[in-house]
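Structure data follow from protein_18.txt (compact mmCIF, C-alpha atoms and all ligand atoms):
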```
# COMPACT_ATOMS: atom_id res chain seq x y z
CA MET A 535 -32.14 -32.73 29.43
CA LYS A 536 -33.92 -33.74 26.23
CA VAL A 537 -37.33 -35.23 27.04
CA PHE A 538 -38.38 -36.41 23.57
CA LYS A 539 -35.74 -37.99 21.36
CA ASN A 540 -36.11 -38.70 17.63
CA ILE A 541 -39.91 -38.83 17.84
CA ALA A 542 -40.54 -36.31 15.07
CA SER A 543 -39.19 -38.71 12.43
CA THR A 544 -41.71 -41.43 13.42
CA CYS A 545 -44.54 -39.53 11.65
CA ILE A 546 -46.18 -41.79 9.05
CA LYS A 547 -47.49 -38.76 7.07
CA CYS A 548 -51.12 -39.87 7.24
CA ALA A 549 -52.33 -36.22 7.49
CA LYS A 550 -55.03 -36.99 10.08
CA CYS A 551 -53.67 -34.16 12.23
CA ILE A 552 -53.93 -31.49 9.54
CA PRO A 553 -57.62 -30.52 9.01
CA ASP A 554 -58.26 -29.54 12.67
CA CYS A 555 -55.02 -27.57 13.08
CA SER A 556 -55.78 -23.88 13.68
CA SER A 557 -52.45 -22.82 12.22
CA TYR A 558 -53.09 -24.81 9.03
CA GLN A 559 -56.66 -23.49 8.76
CA PHE A 560 -55.28 -19.94 8.63
CA TYR A 561 -52.11 -20.35 6.55
CA ARG A 562 -53.30 -23.23 4.34
CA ASP A 563 -49.83 -24.61 3.69
CA GLU A 564 -47.93 -27.71 4.76
CA VAL A 565 -45.26 -25.73 6.64
CA HIS A 566 -47.84 -24.40 9.11
CA SER A 567 -49.37 -27.80 9.82
CA PRO A 568 -48.53 -30.38 12.50
CA ARG A 569 -46.94 -32.64 9.87
CA GLY A 570 -44.95 -29.68 8.57
CA PHE A 571 -43.83 -28.70 12.08
CA LEU A 572 -42.67 -32.27 12.65
CA GLU A 573 -40.71 -32.30 9.40
CA LEU A 574 -38.98 -29.05 10.44
CA ILE A 575 -38.20 -30.47 13.88
CA SER A 576 -36.86 -33.65 12.30
CA GLN A 577 -34.60 -31.63 9.96
CA TYR A 578 -33.44 -29.53 12.91
CA GLU A 579 -32.63 -32.68 14.92
CA LYS A 580 -30.59 -34.02 11.98
CA GLY A 581 -28.65 -30.76 11.87
CA SER A 582 -29.81 -29.75 8.39
CA LEU A 583 -31.85 -26.77 9.62
CA ARG A 584 -30.84 -23.92 11.92
CA LEU A 585 -33.17 -22.49 14.55
CA ASP A 586 -33.12 -19.00 13.06
CA SER A 587 -35.80 -16.30 13.23
CA ASN A 588 -37.67 -17.78 10.22
CA LEU A 589 -38.00 -21.17 11.86
CA GLN A 590 -38.91 -19.53 15.16
CA GLU A 591 -41.64 -17.50 13.44
CA VAL A 592 -43.16 -20.66 11.96
CA MET A 593 -43.00 -22.53 15.29
CA ASP A 594 -44.66 -19.60 17.06
CA THR A 595 -47.80 -20.06 14.95
CA CYS A 596 -48.60 -23.28 16.82
CA LEU A 597 -51.29 -22.47 19.40
CA LEU A 598 -50.48 -25.61 21.45
CA CYS A 599 -54.16 -26.48 21.19
CA ASN A 600 -53.45 -30.23 21.26
CA HIS A 601 -55.96 -31.07 18.51
CA CYS A 602 -53.24 -32.74 16.43
CA VAL A 603 -52.18 -34.99 19.31
CA SER A 604 -55.69 -36.30 19.84
CA ASN A 605 -56.08 -36.94 16.08
CA CYS A 606 -52.73 -38.67 15.57
CA PRO A 607 -53.14 -42.49 15.28
CA ILE A 608 -49.69 -43.06 16.80
CA SER A 609 -50.06 -40.35 19.46
CA ILE A 610 -47.01 -38.31 18.54
CA PRO A 611 -46.76 -35.59 21.24
CA ILE A 612 -46.51 -32.84 18.63
CA ASP A 613 -47.29 -30.03 21.08
CA SER A 614 -44.58 -31.23 23.48
CA LEU A 615 -42.04 -31.44 20.64
CA ILE A 616 -42.86 -27.88 19.62
CA GLN A 617 -42.55 -26.77 23.23
CA GLU A 618 -39.18 -28.49 23.45
CA ILE A 619 -37.97 -26.60 20.36
CA ARG A 620 -39.14 -23.40 22.03
CA THR A 621 -36.79 -24.06 24.94
CA LYS A 622 -33.96 -23.48 22.47
CA GLN A 623 -35.46 -20.31 20.98
CA LYS A 624 -34.49 -16.78 21.87
CA ILE A 625 -36.99 -15.27 24.32
CA SER A 626 -38.03 -11.71 23.49
CA LEU A 627 -37.21 -8.84 25.87
CA SER A 628 -40.88 -8.17 26.72
CA LYS A 629 -41.37 -11.80 27.70
CA ARG A 630 -38.16 -11.84 29.73
CA ILE A 631 -39.40 -8.82 31.69
CA TYR A 632 -42.76 -10.49 32.28
CA PHE A 633 -41.12 -13.75 33.38
CA PHE A 634 -38.82 -11.80 35.71
CA LEU A 635 -41.97 -10.40 37.34
CA LEU A 636 -43.41 -13.91 37.67
CA ARG A 637 -40.34 -14.87 39.72
CA HIS A 638 -40.69 -11.81 41.96
CA SER A 639 -44.27 -11.82 43.20
CA VAL A 640 -44.08 -8.66 45.33
CA LEU A 641 -42.80 -6.61 42.41
CA LYS A 642 -45.32 -8.32 40.10
CA LYS A 643 -48.22 -7.27 42.33
CA PHE A 644 -46.92 -3.72 42.46
CA VAL A 645 -46.69 -3.53 38.64
CA PHE A 646 -50.13 -5.11 38.10
CA LYS A 647 -51.63 -2.67 40.61
CA PHE A 648 -50.04 0.17 38.67
CA PHE A 649 -51.66 -1.13 35.46
CA ALA A 650 -55.01 -1.37 37.26
CA PHE A 651 -54.94 2.37 37.94
CA LEU A 652 -53.77 3.39 34.46
CA PRO A 653 -56.47 4.74 32.14
CA PRO A 654 -57.44 1.87 29.79
CA CYS A 655 -56.18 3.66 26.67
CA GLU A 656 -52.63 3.63 28.06
CA ILE A 657 -52.35 -0.14 27.84
CA LYS A 658 -54.23 -0.58 24.57
CA HIS A 659 -50.93 -0.92 22.80
CA LYS A 660 -52.12 -3.46 20.26
CA ASP A 661 -55.45 -4.54 18.87
CA SER A 662 -55.36 -7.92 20.58
CA ALA A 663 -57.43 -9.42 23.39
CA LEU A 664 -54.45 -9.63 25.74
CA TRP A 665 -53.48 -5.98 25.33
CA ASN A 666 -57.04 -4.91 26.07
CA LEU A 667 -57.29 -7.00 29.23
CA ARG A 668 -57.99 -4.86 32.32
CA PHE A 669 -56.38 -5.47 35.69
CA SER A 670 -58.63 -5.44 38.74
CA ARG A 671 -57.92 -2.93 41.49
CA SER A 672 -58.69 -5.57 44.07
CA PHE A 673 -56.84 -8.87 43.63
CA PHE A 674 -58.79 -12.01 44.50
CA LEU A 675 -56.28 -13.64 46.85
CA ASP A 676 -55.53 -10.40 48.71
CA SER A 677 -59.16 -9.61 49.37
CA HIS A 678 -60.13 -12.84 51.16
CA PRO A 679 -58.94 -14.57 54.33
CA LYS A 680 -56.69 -17.60 53.90
CA SER A 681 -59.26 -19.86 55.57
CA ILE A 682 -63.01 -19.54 55.00
CA ALA A 683 -65.48 -21.71 56.92
CA SER A 684 -68.78 -22.42 55.19
CA SER A 685 -71.85 -20.76 56.68
CA LYS A 686 -73.65 -24.12 56.31
CA GLN A 687 -73.38 -26.71 59.07
CA GLY A 688 -72.33 -30.32 59.27
CA GLY A 689 -69.61 -32.72 58.11
CA GLN A 690 -68.47 -30.58 55.28
CA LYS A 691 -65.62 -31.10 52.92
CA LYS A 692 -62.65 -28.78 52.74
CA VAL A 693 -60.88 -27.69 49.56
CA ALA A 694 -58.05 -25.36 48.59
CA ILE A 695 -58.42 -23.09 45.56
CA PHE A 696 -55.65 -22.46 43.06
CA ALA A 697 -57.03 -19.32 41.42
CA GLY A 698 -54.59 -18.80 38.54
CA CYS A 699 -53.29 -15.38 37.46
CA LEU A 700 -56.27 -14.34 35.33
CA ILE A 701 -58.76 -14.88 38.16
CA ASN A 702 -56.43 -13.40 40.75
CA TYR A 703 -55.51 -10.22 38.88
CA ASN A 704 -58.15 -9.74 36.18
CA TYR A 705 -61.35 -11.67 36.92
CA PRO A 706 -61.66 -11.83 40.73
CA HIS A 707 -65.46 -12.01 40.40
CA ILE A 708 -65.09 -15.59 39.11
CA GLY A 709 -63.12 -16.52 42.22
CA LYS A 710 -65.83 -14.90 44.35
CA SER A 711 -68.48 -16.95 42.52
CA LEU A 712 -66.54 -20.11 43.32
CA LEU A 713 -66.41 -19.13 47.01
CA LYS A 714 -70.17 -18.56 47.05
CA VAL A 715 -70.87 -21.84 45.27
CA LEU A 716 -68.67 -23.78 47.70
CA ASP A 717 -70.31 -22.04 50.65
CA SER A 718 -73.75 -23.06 49.33
CA PHE A 719 -72.60 -26.68 49.25
CA GLY A 720 -71.18 -26.48 52.79
CA VAL A 721 -67.54 -26.70 51.68
CA ASP A 722 -64.80 -25.00 53.73
CA VAL A 723 -62.07 -23.29 51.73
CA LEU A 724 -58.36 -22.58 52.09
CA LEU A 725 -56.65 -20.00 49.89
CA PRO A 726 -52.97 -20.98 50.15
CA LYS A 727 -50.09 -18.88 48.88
CA GLN A 728 -49.57 -19.52 45.18
CA GLU A 729 -47.55 -18.42 42.18
CA CYS A 730 -48.30 -18.51 38.46
CA CYS A 731 -48.71 -22.16 37.35
CA GLY A 732 -45.96 -21.61 34.77
CA ALA A 733 -48.12 -21.84 31.64
CA PRO A 734 -46.76 -18.67 29.97
CA THR A 735 -43.14 -19.52 30.76
CA TYR A 736 -43.46 -23.18 29.74
CA PHE A 737 -45.29 -22.42 26.48
CA SER A 738 -42.58 -19.88 25.66
CA GLY A 739 -39.73 -22.27 26.39
CA ASP A 740 -38.41 -20.69 29.63
CA ILE A 741 -37.85 -23.93 31.51
CA GLN A 742 -35.79 -22.49 34.37
CA THR A 743 -38.55 -20.06 35.37
CA SER A 744 -41.14 -22.82 34.92
CA ILE A 745 -39.22 -25.13 37.27
CA PHE A 746 -38.87 -22.29 39.79
CA LEU A 747 -42.65 -21.64 39.75
CA VAL A 748 -43.60 -25.33 39.94
CA LYS A 749 -41.35 -25.87 42.97
CA LYS A 750 -42.65 -22.78 44.76
CA ASN A 751 -46.24 -23.92 44.25
CA LEU A 752 -45.40 -27.46 45.39
CA LEU A 753 -43.92 -26.11 48.62
CA TYR A 754 -47.05 -24.04 49.28
CA PHE A 755 -49.33 -27.01 48.53
CA GLU A 756 -47.25 -29.36 50.68
CA GLU A 757 -48.21 -27.25 53.71
CA ILE A 758 -51.96 -27.73 53.18
CA ILE A 759 -52.37 -30.96 51.22
CA ASP A 760 -53.20 -33.13 54.25
CA LEU A 761 -55.79 -30.60 55.44
CA VAL A 762 -57.97 -30.65 52.31
CA ASP A 763 -60.00 -33.10 50.23
CA ALA A 764 -59.05 -31.42 46.97
CA ILE A 765 -57.33 -28.52 45.25
CA LEU A 766 -59.81 -26.89 42.85
CA ILE A 767 -58.56 -25.08 39.75
CA PRO A 768 -61.28 -23.01 38.03
CA GLU A 769 -59.17 -22.52 34.91
CA ALA A 770 -58.50 -25.12 32.21
CA THR A 771 -55.07 -23.90 31.14
CA CYS A 772 -53.69 -23.87 34.70
CA ALA A 773 -55.34 -27.24 35.44
CA SER A 774 -53.91 -28.77 32.29
CA VAL A 775 -50.39 -27.47 32.97
CA MET A 776 -50.51 -28.55 36.62
CA LEU A 777 -51.90 -32.01 35.90
CA LYS A 778 -50.14 -32.85 32.65
CA ASP A 779 -47.10 -30.59 32.24
CA TRP A 780 -45.61 -30.07 35.70
CA GLN A 781 -43.99 -33.49 35.61
CA LYS A 782 -42.57 -32.78 32.13
CA ILE A 783 -41.23 -29.45 33.40
CA LEU A 784 -39.55 -31.06 36.42
CA SER A 785 -38.16 -33.82 34.18
CA PHE A 786 -36.00 -31.30 32.34
CA ASP A 787 -33.62 -31.67 35.32
CA GLU A 788 -32.72 -35.23 36.33
CA LYS A 789 -32.13 -34.05 39.91
CA ASN A 790 -35.86 -33.37 40.40
CA GLN A 791 -36.97 -36.94 41.26
CA GLU A 792 -37.92 -36.01 44.85
CA TRP A 793 -40.00 -33.14 43.55
CA ILE A 794 -41.79 -35.48 41.16
CA LEU A 795 -42.74 -37.75 44.09
CA LEU A 796 -44.15 -34.74 45.96
CA LEU A 797 -46.00 -33.67 42.80
CA LYS A 798 -47.64 -37.10 42.46
CA LYS A 799 -48.95 -36.94 46.02
CA ILE A 800 -50.41 -33.47 45.42
CA GLN A 801 -51.75 -34.21 41.92
CA ASP A 802 -54.02 -36.93 43.32
CA LYS A 803 -56.09 -34.15 44.87
CA MET A 804 -56.07 -31.68 41.96
CA PHE A 805 -59.26 -31.16 39.96
CA ILE A 806 -60.52 -28.67 37.43
CA ALA A 807 -63.35 -27.03 39.42
CA THR A 808 -66.41 -28.30 37.50
CA GLU A 809 -65.14 -31.88 37.64
CA TRP A 810 -64.97 -31.88 41.44
CA ILE A 811 -68.28 -30.04 41.87
CA TYR A 812 -69.99 -32.45 39.46
CA LYS A 813 -68.62 -35.44 41.39
CA PHE A 814 -69.11 -34.27 44.95
CA CYS A 815 -71.86 -31.62 45.13
CA ASP A 816 -75.60 -32.08 44.71
CA PHE A 817 -76.79 -29.39 42.32
CA SER A 818 -80.00 -31.15 41.30
CA GLY A 819 -83.42 -29.57 41.87
CA ILE A 820 -82.35 -26.08 40.81
CA ARG A 821 -85.02 -23.90 39.23
CA LYS A 822 -84.56 -23.77 35.44
CA SER A 823 -84.01 -20.46 33.72
CA LYS A 824 -85.31 -19.91 30.19
CA LYS A 825 -81.96 -18.47 29.16
CA ARG A 826 -80.07 -20.22 26.39
CA VAL A 827 -76.41 -21.07 26.95
CA THR A 828 -73.88 -22.41 24.48
CA TYR A 829 -70.66 -24.03 25.69
CA HIS A 830 -67.19 -23.62 24.19
CA ASP A 831 -64.80 -26.52 24.87
CA SER A 832 -61.46 -24.93 25.59
CA CYS A 833 -58.55 -26.87 24.09
CA HIS A 834 -56.96 -27.59 27.46
CA ALA A 835 -60.22 -28.76 29.04
CA CYS A 836 -61.42 -31.02 26.24
CA LYS A 837 -58.28 -32.15 24.41
CA VAL A 838 -55.89 -32.43 27.34
CA LEU A 839 -58.10 -33.09 30.39
CA GLN A 840 -61.07 -34.67 28.55
CA ILE A 841 -63.48 -32.55 30.59
CA THR A 842 -66.59 -31.93 28.46
CA LYS A 843 -69.51 -33.59 30.25
CA GLU A 844 -69.12 -32.05 33.72
CA PRO A 845 -69.56 -28.33 32.89
CA ARG A 846 -72.42 -29.21 30.51
CA GLU A 847 -74.27 -31.21 33.18
CA ILE A 848 -73.91 -28.31 35.61
CA ILE A 849 -75.19 -25.80 33.05
CA LYS A 850 -78.04 -28.09 31.93
CA SER A 851 -79.33 -28.29 35.48
CA GLY A 852 -80.29 -24.59 35.31
CA PHE A 853 -80.35 -23.49 31.67
CA GLU A 854 -81.24 -24.56 28.18
CA LEU A 855 -77.96 -25.74 26.63
CA ILE A 856 -77.60 -25.29 22.88
CA GLU A 857 -74.57 -26.84 21.22
CA MET A 858 -72.63 -24.67 18.80
CA SER A 859 -71.12 -26.23 15.72
CA ASP A 860 -67.54 -27.38 16.29
CA SER A 861 -67.58 -26.49 20.00
CA SER A 862 -64.03 -27.76 20.46
CA SER A 863 -62.42 -25.63 17.76
CA CYS A 864 -59.75 -23.34 19.20
CA CYS A 865 -60.73 -19.73 20.07
CA GLY A 866 -57.35 -18.56 18.78
CA PHE A 867 -56.08 -16.85 21.95
CA GLY A 868 -52.74 -18.59 21.60
CA GLY A 869 -50.74 -17.02 24.44
CA ILE A 870 -48.33 -14.11 24.73
CA GLU A 871 -46.39 -14.56 21.49
CA VAL A 872 -49.47 -14.78 19.28
CA GLN A 873 -51.21 -11.93 21.11
CA ASN A 874 -48.11 -9.74 20.82
CA ASN A 875 -46.91 -10.43 17.32
CA ASN A 876 -49.54 -12.31 15.38
CA PHE A 877 -52.89 -11.01 16.55
CA GLU A 878 -54.37 -10.90 13.04
CA PHE A 879 -53.92 -14.67 12.94
CA SER A 880 -55.43 -14.98 16.43
CA ARG A 881 -58.39 -12.80 15.50
CA ALA A 882 -59.10 -14.67 12.26
CA ILE A 883 -59.45 -17.92 14.21
CA GLY A 884 -61.46 -16.21 16.95
CA VAL A 885 -63.93 -14.62 14.51
CA LYS A 886 -64.99 -18.08 13.32
CA LYS A 887 -65.67 -19.02 16.94
CA ILE A 888 -67.77 -15.86 17.38
CA ARG A 889 -69.82 -16.77 14.29
CA ASP A 890 -70.41 -20.29 15.64
CA ILE A 891 -71.56 -18.80 18.96
CA GLN A 892 -73.91 -16.33 17.30
CA GLN A 893 -75.48 -18.97 15.06
CA THR A 894 -76.86 -20.76 18.13
CA ASN A 895 -78.95 -17.71 19.13
CA ALA A 896 -77.79 -18.30 22.69
CA GLN A 897 -77.73 -15.31 25.04
CA ILE A 898 -74.80 -16.67 27.01
CA VAL A 899 -71.55 -18.38 26.06
CA SER A 900 -69.59 -20.25 28.69
CA ALA A 901 -66.18 -21.92 28.97
CA GLU A 902 -64.02 -22.99 31.89
CA CYS A 903 -60.97 -21.15 30.60
CA ASN A 904 -60.15 -17.53 31.26
CA ALA A 905 -57.80 -17.20 28.30
CA CYS A 906 -60.77 -18.21 26.11
CA LYS A 907 -62.89 -15.72 28.07
CA THR A 908 -60.38 -12.96 27.32
CA GLN A 909 -60.43 -13.71 23.60
CA ILE A 910 -64.18 -14.38 23.24
CA ASP A 911 -65.22 -11.40 25.40
CA TYR A 912 -62.99 -9.07 23.40
CA LEU A 913 -64.20 -10.30 20.01
CA LEU A 914 -67.87 -10.27 21.07
CA LYS A 915 -67.50 -6.64 22.17
CA LYS A 916 -65.73 -5.71 18.94
CA ASP A 917 -68.64 -7.29 17.09
CA GLN A 918 -71.11 -5.31 19.27
CA SER A 919 -72.75 -8.59 20.15
CA ASN A 920 -75.30 -8.96 22.97
CA VAL A 921 -74.00 -12.41 23.88
CA ILE A 922 -72.48 -12.43 27.37
CA PHE A 923 -69.66 -14.67 28.57
CA TYR A 924 -70.02 -16.41 31.93
CA HIS A 925 -67.73 -19.01 33.48
CA PRO A 926 -69.75 -22.17 34.35
CA ILE A 927 -69.09 -21.46 38.04
CA GLU A 928 -70.68 -18.01 37.65
CA LEU A 929 -73.70 -19.69 36.05
CA LEU A 930 -73.90 -22.15 38.93
CA GLU A 931 -73.72 -19.32 41.44
CA GLN A 932 -76.58 -17.56 39.67
CA MET A 933 -78.62 -20.79 39.61
CA LEU A 934 -78.07 -21.30 43.31
CA GLU A 935 -79.09 -17.73 44.02
CA ARG A 936 -81.97 -18.06 41.52
CA LYS A 937 -81.20 -14.80 39.85
CA ASP A 938 -82.10 -14.12 36.26
CA ILE A 939 -78.73 -13.20 34.88
CA VAL A 940 -79.53 -11.75 31.46
CA GLN A 941 -82.04 -8.92 31.30
S1 LIG A 1001 -51.06 -27.95 18.73
FE1 LIG A 1001 -52.79 -27.07 17.54
S2 LIG A 1001 -51.89 -25.36 16.36
FE2 LIG A 1001 -50.17 -26.64 17.12
S3 LIG A 1001 -49.74 -28.06 15.45
FE3 LIG A 1001 -51.18 -29.10 16.82
S4 LIG A 1001 -53.23 -28.65 15.98
FE4 LIG A 1001 -51.78 -27.20 15.04
S1 LIG A 1002 -51.52 -37.67 12.40
FE1 LIG A 1002 -49.56 -38.22 13.40
S2 LIG A 1002 -48.63 -39.71 12.01
FE2 LIG A 1002 -50.27 -38.71 10.85
S3 LIG A 1002 -49.25 -37.01 9.75
FE3 LIG A 1002 -50.00 -36.18 11.68
S4 LIG A 1002 -48.30 -36.39 13.12
FE4 LIG A 1002 -47.85 -37.72 11.37
```

Could you show the structure in this file as structure tokens?
Ligand code: SF4
Ligand code: SF4
Amino acid sequence: MKVFKNIASTCIKCAKCIPDCSSYQFYRDEVHSPRGFLELISQYEKGSLRLDSNLQEVMDTCLLCNHCVSNCPISIPIDSLIQEIRTKQKISLSKRIYFFLLRHSVLKKFVFKFFAFLPPCEIKHKDSALWNLRFSRSFFLDSHPKSIASSKQGGQKKVAIFAGCLINYNYPHIGKSLLKVLDSFGVDVLLPKQECCGAPTYFSGDIQTSIFLVKKNLLYFEEIIDLVDAILIPEATCASVMLKDWQKILSFDEKNQEWILLLKKIQDKMFIATEWIYKFCDFSGIRKSKKRVTYHDSCHACKVLQITKEPREIIKSGFELIEMSDSSSCCGFGGIEVQNNNFEFSRAIGVKKIRDIQQTNAQIVSAECNACKTQIDYLLKKDQSNVIFYHPIELLEQMLERKDIVQ
């Protein structure tokens, strides 16, 4: 089913979307700009352009950062149109193998465990953040009980956590921080079964796998939704896909109306983690640290979910917050395609972010997105920087424990 029809040709060519576009900032030509992408899509829809490898290469330079959509005066869903074009593109063999694993979670775990025990040099296939990402030997969801009662007493709330793949397989310490924070606030926790949210498959145009993953997750959530006050998602990309894209994914098949009703019931209780903690937990009165923190607004948190105040308020309660210039500019991570085949482009965008971070003189950089963490961590290390990346939930955990986190 085609979700967006003839929208590309409604562009009034005002160019307001162009200056903030990461792709345009690197390539500096009209073709690699939102307006250029729309023109190509419009020509493709009219039948005067074929979706060949050249067009695919151009479309793959869009980082789906959403900046153009928020700048467009007539709200053309440029990112969604590009995603829709990607559903017609050929999916590379490496991605098809990865997406096959996402559909087969037992095999996926086995393969990720294998990677965790490989020497790091074996998987440093390319000089990109993704290829240098390490797998944990102890996965977050496997190393905790499914139900965790808070050690604090009295009338507590209960939440479920959707960890997301990066926390589950690569950064389990962030999940552990969230458990400790929730325990401090007297919140009981459920860790339901869960699959990938579908971000990599959806952004790459594999709609069938995306639908499969969304439905599996909905079935798991249906079992626990009446038992919890909220489902917390400590990861902006997953939260954005679950809250804003799952309905679009299901809408690719007209027979999914029942699933969309179930989704709406579950979505009412979904929150990016800092939003829920800011609304429902009292984190005032925490001892201030002298450490300086700067905050990076991940594209999915600020442009899609409009979450900017909540993580800042949490950080400000325990640290000195210093704003970097252009905090909402994209870090350049860009997903599998960019990390695999266009990492020079990704790095060029990321290096600007690293400079902006360093100019603040902050000792810590924070963001509620683990794809951004992967990119920023990698580039900071390459730059031999002393700045350390912490998720806002890790900072909150440290505040609650009153530890000084940077020596
Ligand atoms: S989503 Fe981001 S990279 Fe893609 S066209 Fe829009 S501004 Fe450019
Ligand atoms: S801001 Fe919107 S209307 Fe203006 S050129 Fe960009 S896509 Fe077209």

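In this comparison, which uses only C-alpha atoms, the residue of A:Gln932, A:Thr894, A:Thr808, A:Ser587 approaching Ser823 (chain A) most closely is A:Gln932.
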
Q) Once you count all atoms listed in the file, which residues end up within 6 Å of ligand LIG 1002 (chain A), and could you hand them over as a PyMOL selection string? A) chain A and resi 545-551+569+605-608+610

Q: Identify, counting only C-alpha atoms and all ligand atoms, the protein, DNA and RNA residues located within 7 Å of ligand LIG 1001 (chain A), and give them as number ranges by chain.
A: A: 551, 554-558, 567-568, 571, 595-603, 612-613

Q. Can you list, as a PyMOL selection string, every protein, DNA or RNA residue that comes within 6 Å of Ala650 (chain A) when you count all atoms listed in the file, leaving out same-chain residues fewer than 2 positions away?
A. chain A and resi 647-648+652+669-671

Q: Select, from A:Ile927, A:Ser718, A:Glu871, A:Val748, the residue with the minimum atom-to-atom distance to Ile806 (chain A), counting all atoms listed in the file.
A: A:Ile927

What's the 12 Å shell around Lys624 (chain A), counting all atoms listed in the file, without same-chain residues fewer than 5 positions away, as a PDB file with C-alpha atoms, in the coordinates of the input?
```pdb
ATOM      1  CA  LEU A 585     -33.170 -22.490  14.550  1.00  0.00           C
ATOM      2  CA  ASP A 586     -33.120 -19.000  13.060  1.00  0.00           C
ATOM      3  CA  SER A 587     -35.800 -16.300  13.230  1.00  0.00           C
ATOM      4  CA  LEU A 589     -38.000 -21.170  11.860  1.00  0.00           C
ATOM      5  CA  GLN A 590     -38.910 -19.530  15.160  1.00  0.00           C
ATOM      6  CA  GLU A 591     -41.640 -17.500  13.440  1.00  0.00           C
ATOM      7  CA  ASP A 594     -44.660 -19.600  17.060  1.00  0.00           C
ATOM      8  CA  ILE A 619     -37.970 -26.600  20.360  1.00  0.00           C
ATOM      9  CA  LYS A 629     -41.370 -11.800  27.700  1.00  0.00           C
ATOM     10  CA  ARG A 630     -38.160 -11.840  29.730  1.00  0.00           C
ATOM     11  CA  SER A 738     -42.580 -19.880  25.660  1.00  0.00           C
ATOM     12  CA  GLY A 739     -39.730 -22.270  26.390  1.00  0.00           C
ATOM     13  CA  ASP A 740     -38.410 -20.690  29.630  1.00  0.00           C
TER      14      ASP A 740
END
```

Q. Around (-34.3, -34.7, 12.0) in the file's frame, which residues reach within 12 Å when counting all atoms listed in the file? Return as a ChimeraX atom specification?
A. /A:539-545,571-584

Taking all listed atoms of region 755-774 of chain A, build the axis-aligned box, pad each of the six sides by 8 Å, then write its centre and edge lengths in Å to one decimal as lines of an AutoDock Vina configuration file.
```
center_x = -54.3
center_y = -27.8
center_z = 43.3
size_x = 30.0
size_y = 26.6
size_z = 40.3
```

Q: Could you tell me which of A:Ile759, A:Thr908, A:Cys864, A:Asn588 comes closest to Gln559 (chain A) if we count all atoms listed in the file?
A: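 Nearest candidate to Gln559 (chain A) out of A:Ile759, A:Thr908, A:Cys864, A:Asn588: A:Cys864.
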
Q. How far is it from CA of Ser900 (chain A) to CA of Glu928 (chain A), in Å with one decimal?
A. 9.3 Å

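Distances here use all atoms listed in the file; by that measure, the residue among A:Ile767, A:Ile820, A:Leu747, A:Cys833 closest to Gly709 (chain A) is A:Ile767.
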
Q. From the set A:Ile741, A:Val640, A:Ala663, A:Ile552, which residue has the shortest atom-to-atom contact distance to Glu878 (chain A), counting all atoms listed in the file?
A.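 Counting all atoms listed in the file, the residue closest to Glu878 (chain A) is A:Ala663.
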
Q. Separation of CA of Ile910 (chain A) and CA of Thr621 (chain A), in Å?
A.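 Taking CA of Ile910 (chain A) as the start and CA of Thr621 (chain A) as the end point, the length is 29.1 Å.
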
Q) Of the candidates A:Phe786, A:Asn895, A:Ala764, A:Lys798, which shows the shortest atom-to-atom distance to Arg826 (chain A), using all atoms listed in the file? A)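 Between A:Phe786, A:Asn895, A:Ala764, A:Lys798, the residue approaching Arg826 (chain A) most closely is A:Asn895.
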